[in-house]
Amino acid sequence: MSRAALPELPSRYPLGAMLPALYAADDFAQRFTSGLDAVLSAILSTLDNLPEYFDADLAPADFVAWLSSWVAAEADPAWPEPLRREAVRRAVELHRLRGTARGLVARLELCLGVRAEVVDGPGVTWSTQPGAALPGRPDVVVVRVRPGRSGAVDRARVEALVEAACPLHVTCTVEVLPGNGD
């Protein structure tokens, strides 16, 4: 739905009633201002409801896409509308958790409907001798994924999301597990 002039939408502030007494009885002035009322009613209605346009639950469906870009929610247009609204609603939380195991789990659950756990592999390494090479320790994070609300796990989509969310200096691998391991 787009916001446009709606002939059936009455103006809450009819201009004809605000005219000075000299023009209030003039038929042409009343018809002219009623035409303006029809055009301005959608604008005034939008301004009257402006806070609702910034609420992901209440905003018009076509406005949610703009909100998504405004808060960098990365909501896929192919997602159903409730999921896009949820992505916009949780965008700030997910940005705050970005780069953490909790953030990756939350993003996987929201975007793909899977249950996930992150087994964090990187740790601290050091050498007792100055200038020596660091002991070998692979910096691998294992992301274990089980089916959730979405049913079967699409491994390619999970890997793409993990690759996009994982920090560059960390290697992430994905393990898809059967769904019966609660």
# chains A, B, ... in the order shown; residues from 1 in each chain; ligands from 1
>>> residues_around(residues="A:Ser150", least_positions_apart="3", cutoff="9 Å", atoms="only C-alpha atoms", output="list of chain:residue names")
A:Leu112, A:Gly113, A:Val114, A:Pro147, A:Val153
>>> write_last_selection(atoms="N, CA and C atoms", output="compact mmCIF listing (two decimals), in the first residue's frame")
# COMPACT_ATOMS: atom_id res chain seq x y z
N LEU A 112 17.43 -17.81 9.50
CA LEU A 112 17.25 -19.12 8.87
C LEU A 112 16.36 -20.06 9.67
N GLY A 113 16.00 -19.67 10.89
CA GLY A 113 15.11 -20.50 11.69
C GLY A 113 15.76 -21.79 12.17
N VAL A 114 17.07 -21.79 12.36
CA VAL A 114 17.78 -22.98 12.83
C VAL A 114 18.26 -22.75 14.26
N PRO A 147 18.14 -28.41 12.86
CA PRO A 147 16.88 -27.85 12.35
C PRO A 147 16.08 -27.19 13.48
N VAL A 153 17.76 -28.03 7.28
CA VAL A 153 18.81 -27.01 7.26
C VAL A 153 19.37 -26.89 5.85
>>> residues_around(residues="A:Val119", least_positions_apart="3", cutoff="9 Å", atoms="only C-alpha atoms", output="list in words")
Ala101, Val140, Val141, Val142, Val143 and Arg144 of chain A
>>> write_last_selection(atoms="N, CA, C and O atoms", output="PDB file, in the first residue's frame")
ATOM      1  N   ALA A 101      29.779 -14.888  19.561  1.00  0.00           N
ATOM      2  CA  ALA A 101      29.101 -16.171  19.384  1.00  0.00           C
ATOM      3  C   ALA A 101      27.597 -16.003  19.593  1.00  0.00           C
ATOM      4  O   ALA A 101      26.791 -16.554  18.830  1.00  0.00           O
ATOM      5  N   VAL A 140      39.993 -22.048  14.802  1.00  0.00           N
ATOM      6  CA  VAL A 140      38.792 -22.540  14.133  1.00  0.00           C
ATOM      7  C   VAL A 140      37.612 -22.434  15.089  1.00  0.00           C
ATOM      8  O   VAL A 140      37.689 -22.843  16.239  1.00  0.00           O
ATOM      9  N   VAL A 141      36.533 -21.873  14.581  1.00  0.00           N
ATOM     10  CA  VAL A 141      35.276 -21.815  15.310  1.00  0.00           C
ATOM     11  C   VAL A 141      34.329 -22.790  14.625  1.00  0.00           C
ATOM     12  O   VAL A 141      34.145 -22.741  13.412  1.00  0.00           O
ATOM     13  N   VAL A 142      33.748 -23.681  15.420  1.00  0.00           N
ATOM     14  CA  VAL A 142      32.815 -24.660  14.872  1.00  0.00           C
ATOM     15  C   VAL A 142      31.398 -24.182  15.192  1.00  0.00           C
ATOM     16  O   VAL A 142      31.073 -23.916  16.346  1.00  0.00           O
ATOM     17  N   VAL A 143      30.590 -24.073  14.155  1.00  0.00           N
ATOM     18  CA  VAL A 143      29.188 -23.679  14.320  1.00  0.00           C
ATOM     19  C   VAL A 143      28.358 -24.930  14.068  1.00  0.00           C
ATOM     20  O   VAL A 143      28.320 -25.444  12.959  1.00  0.00           O
ATOM     21  N   ARG A 144      27.727 -25.410  15.153  1.00  0.00           N
ATOM     22  CA  ARG A 144      26.879 -26.603  15.039  1.00  0.00           C
ATOM     23  C   ARG A 144      25.433 -26.152  14.871  1.00  0.00           C
ATOM     24  O   ARG A 144      24.934 -25.370  15.669  1.00  0.00           O
TER      25      ARG A 144
END
>>> closest_residue(among="A:Arg85, A:Phe63, A:Glu175, A:Leu9", to="A:Glu117", atoms="only C-alpha atoms")
A:Glu175
>>> closest_residue(among="A:Ala87, A:Leu67, A:Ala29, A:Cys111", to="A:Asp55", atoms="only C-alpha atoms")
A:Leu67
>>> closest_residue(among="A:Leu108, A:Val39, A:Gly148, A:Ala61", to="A:Pro77", atoms="only C-alpha atoms")
A:Ala61
>>> residues_around(residues="A:Asp76", least_positions_apart="5", cutoff="10 Å", atoms="only C-alpha atoms", output="VMD selection string")
chain A and resid 65 68 81 83 to 84 87 111
>>> write_last_selection(atoms="N, CA and C atoms", output="mmCIF file, in the first residue's frame")
data_model
loop_
_atom_site.group_PDB
_atom_site.id
_atom_site.type_symbol
_atom_site.label_atom_id
_atom_site.label_comp_id
_atom_site.auth_asym_id
_atom_site.auth_seq_id
_atom_site.Cartn_x
_atom_site.Cartn_y
_atom_site.Cartn_z
ATOM 1 N N ALA A 65 10.558 -1.828 4.320
ATOM 2 C CA ALA A 65 11.775 -1.972 3.506
ATOM 3 C C ALA A 65 12.686 -0.763 3.677
ATOM 4 N N SER A 68 14.242 -0.937 7.071
ATOM 5 C CA SER A 68 15.285 -1.949 7.049
ATOM 6 C C SER A 68 16.608 -1.370 6.557
ATOM 7 N N GLU A 81 6.688 -11.121 5.421
ATOM 8 C CA GLU A 81 6.618 -9.814 6.084
ATOM 9 C C GLU A 81 6.881 -9.866 7.593
ATOM 10 N N LEU A 83 8.809 -11.794 9.283
ATOM 11 C CA LEU A 83 10.244 -11.980 9.497
ATOM 12 C C LEU A 83 11.010 -10.697 9.186
ATOM 13 N N ARG A 84 10.627 -9.979 8.130
ATOM 14 C CA ARG A 84 11.282 -8.697 7.826
ATOM 15 C C ARG A 84 11.049 -7.694 8.959
ATOM 16 N N ALA A 87 13.310 -8.621 11.820
ATOM 17 C CA ALA A 87 14.695 -8.231 11.541
ATOM 18 C C ALA A 87 14.905 -6.744 11.800
ATOM 19 N N CYS A 111 17.334 -15.369 10.974
ATOM 20 C CA CYS A 111 17.332 -15.370 9.511
ATOM 21 C C CYS A 111 16.970 -16.719 8.900
#
>>> closest_residue(among="A:Gly16, A:Pro10, A:Pro82, A:Gly131", to="A:Thr33", atoms="only C-alpha atoms")
A:Gly16
>>> select_by_dssp(residues="stretch 57-162 of chain A", states="helix (DSSP H, G or I)", output="compact mmCIF listing (two decimals) with N, CA and C atoms, in the first residue's frame")
# COMPACT_ATOMS: atom_id res chain seq x y z
N ALA A 61 3.58 -1.89 5.23
CA ALA A 61 4.48 -2.93 4.71
C ALA A 61 5.55 -2.36 3.78
N ASP A 62 5.18 -1.43 2.90
CA ASP A 62 6.18 -0.89 1.98
C ASP A 62 7.18 0.01 2.70
N PHE A 63 6.83 0.53 3.85
CA PHE A 63 7.72 1.40 4.60
C PHE A 63 8.74 0.58 5.39
N VAL A 64 8.42 -0.70 5.68
CA VAL A 64 9.35 -1.56 6.43
C VAL A 64 10.65 -1.75 5.65
N ALA A 65 10.56 -1.83 4.32
CA ALA A 65 11.77 -1.97 3.51
C ALA A 65 12.69 -0.76 3.68
N TRP A 66 12.11 0.43 3.72
CA TRP A 66 12.92 1.63 3.94
C TRP A 66 13.51 1.61 5.35
N LEU A 67 12.70 1.26 6.34
CA LEU A 67 13.21 1.16 7.71
C LEU A 67 14.37 0.17 7.79
N SER A 68 14.24 -0.94 7.07
CA SER A 68 15.29 -1.95 7.05
C SER A 68 16.61 -1.37 6.56
N SER A 69 16.55 -0.57 5.50
CA SER A 69 17.78 0.04 5.00
C SER A 69 18.31 1.10 5.95
N TRP A 70 17.41 1.75 6.65
CA TRP A 70 17.80 2.83 7.56
C TRP A 70 18.58 2.30 8.76
N GLU A 81 6.69 -11.12 5.42
CA GLU A 81 6.62 -9.81 6.08
C GLU A 81 6.88 -9.87 7.59
N PRO A 82 6.32 -10.83 8.34
CA PRO A 82 6.61 -10.85 9.78
C PRO A 82 8.10 -11.01 10.09
N LEU A 83 8.81 -11.79 9.28
CA LEU A 83 10.24 -11.98 9.50
C LEU A 83 11.01 -10.70 9.19
N ARG A 84 10.63 -9.98 8.13
CA ARG A 84 11.28 -8.70 7.83
C ARG A 84 11.05 -7.69 8.96
N ARG A 85 9.83 -7.66 9.50
CA ARG A 85 9.53 -6.77 10.63
C ARG A 85 10.37 -7.14 11.85
N GLU A 86 10.52 -8.44 12.11
CA GLU A 86 11.34 -8.90 13.24
C GLU A 86 12.80 -8.51 13.04
N ALA A 87 13.31 -8.62 11.82
CA ALA A 87 14.70 -8.23 11.54
C ALA A 87 14.90 -6.74 11.80
N VAL A 88 13.95 -5.92 11.42
CA VAL A 88 14.05 -4.47 11.68
C VAL A 88 13.97 -4.20 13.18
N ARG A 89 13.04 -4.88 13.85
CA ARG A 89 12.87 -4.66 15.29
C ARG A 89 14.13 -5.03 16.07
N ALA A 91 17.30 -5.18 14.89
CA ALA A 91 18.53 -4.75 14.21
C ALA A 91 19.56 -4.18 15.18
N VAL A 92 19.15 -3.33 16.09
CA VAL A 92 20.11 -2.71 17.02
C VAL A 92 20.74 -3.78 17.91
N GLU A 93 19.92 -4.68 18.42
CA GLU A 93 20.43 -5.77 19.26
C GLU A 93 21.45 -6.61 18.49
N LEU A 94 21.13 -6.97 17.25
CA LEU A 94 22.03 -7.80 16.46
C LEU A 94 23.31 -7.07 16.09
N HIS A 95 23.23 -5.76 15.87
CA HIS A 95 24.46 -5.00 15.59
C HIS A 95 25.35 -4.95 16.82
N ARG A 96 24.73 -4.83 17.99
CA ARG A 96 25.51 -4.78 19.23
C ARG A 96 26.22 -6.11 19.48
N ALA A 101 29.78 -14.89 19.56
CA ALA A 101 29.10 -16.17 19.38
C ALA A 101 27.60 -16.00 19.59
N ARG A 102 27.21 -15.24 20.59
CA ARG A 102 25.79 -15.02 20.85
C ARG A 102 25.11 -14.31 19.68
N GLY A 103 25.81 -13.37 19.08
CA GLY A 103 25.27 -12.66 17.93
C GLY A 103 25.09 -13.56 16.72
N LEU A 104 26.05 -14.47 16.51
CA LEU A 104 25.94 -15.40 15.38
C LEU A 104 24.78 -16.36 15.58
N VAL A 105 24.61 -16.86 16.80
CA VAL A 105 23.50 -17.76 17.10
C VAL A 105 22.16 -17.03 16.89
N ALA A 106 22.07 -15.80 17.38
CA ALA A 106 20.82 -15.03 17.24
C ALA A 106 20.52 -14.76 15.77
N ARG A 107 21.53 -14.41 14.98
CA ARG A 107 21.33 -14.13 13.56
C ARG A 107 20.89 -15.39 12.80
N LEU A 108 21.51 -16.53 13.10
CA LEU A 108 21.12 -17.78 12.46
C LEU A 108 19.68 -18.15 12.80
N GLU A 109 19.31 -17.96 14.06
CA GLU A 109 17.94 -18.29 14.49
C GLU A 109 16.94 -17.38 13.80
N LEU A 110 17.23 -16.09 13.76
CA LEU A 110 16.31 -15.13 13.15
C LEU A 110 16.20 -15.34 11.64
N CYS A 111 17.33 -15.37 10.97
CA CYS A 111 17.33 -15.37 9.51
C CYS A 111 16.97 -16.72 8.90
N LEU A 112 17.43 -17.81 9.50
CA LEU A 112 17.25 -19.12 8.87
C LEU A 112 16.36 -20.06 9.67
N ARG A 155 22.37 -26.02 4.14
CA ARG A 155 23.78 -25.86 4.50
C ARG A 155 24.43 -24.67 3.78
N ALA A 156 24.11 -24.49 2.51
CA ALA A 156 24.73 -23.40 1.74
C ALA A 156 24.35 -22.04 2.32
N ARG A 157 23.08 -21.87 2.70
CA ARG A 157 22.64 -20.59 3.28
C ARG A 157 23.28 -20.37 4.65
N VAL A 158 23.40 -21.45 5.44
CA VAL A 158 24.05 -21.33 6.76
C VAL A 158 25.50 -20.93 6.58
N GLU A 159 26.20 -21.59 5.67
CA GLU A 159 27.62 -21.27 5.44
C GLU A 159 27.79 -19.84 4.95
N ALA A 160 26.90 -19.38 4.08
CA ALA A 160 26.99 -18.00 3.58
C ALA A 160 26.78 -17.00 4.72
N LEU A 161 25.80 -17.26 5.58
CA LEU A 161 25.55 -16.35 6.69
C LEU A 161 26.70 -16.37 7.69
N VAL A 162 27.22 -17.56 7.99
CA VAL A 162 28.36 -17.67 8.92
C VAL A 162 29.57 -16.96 8.35
>>> atom_distance(atom1="atom CA of A:Ala17", atom2="atom CA of A:Tyr53")
29.1 Å
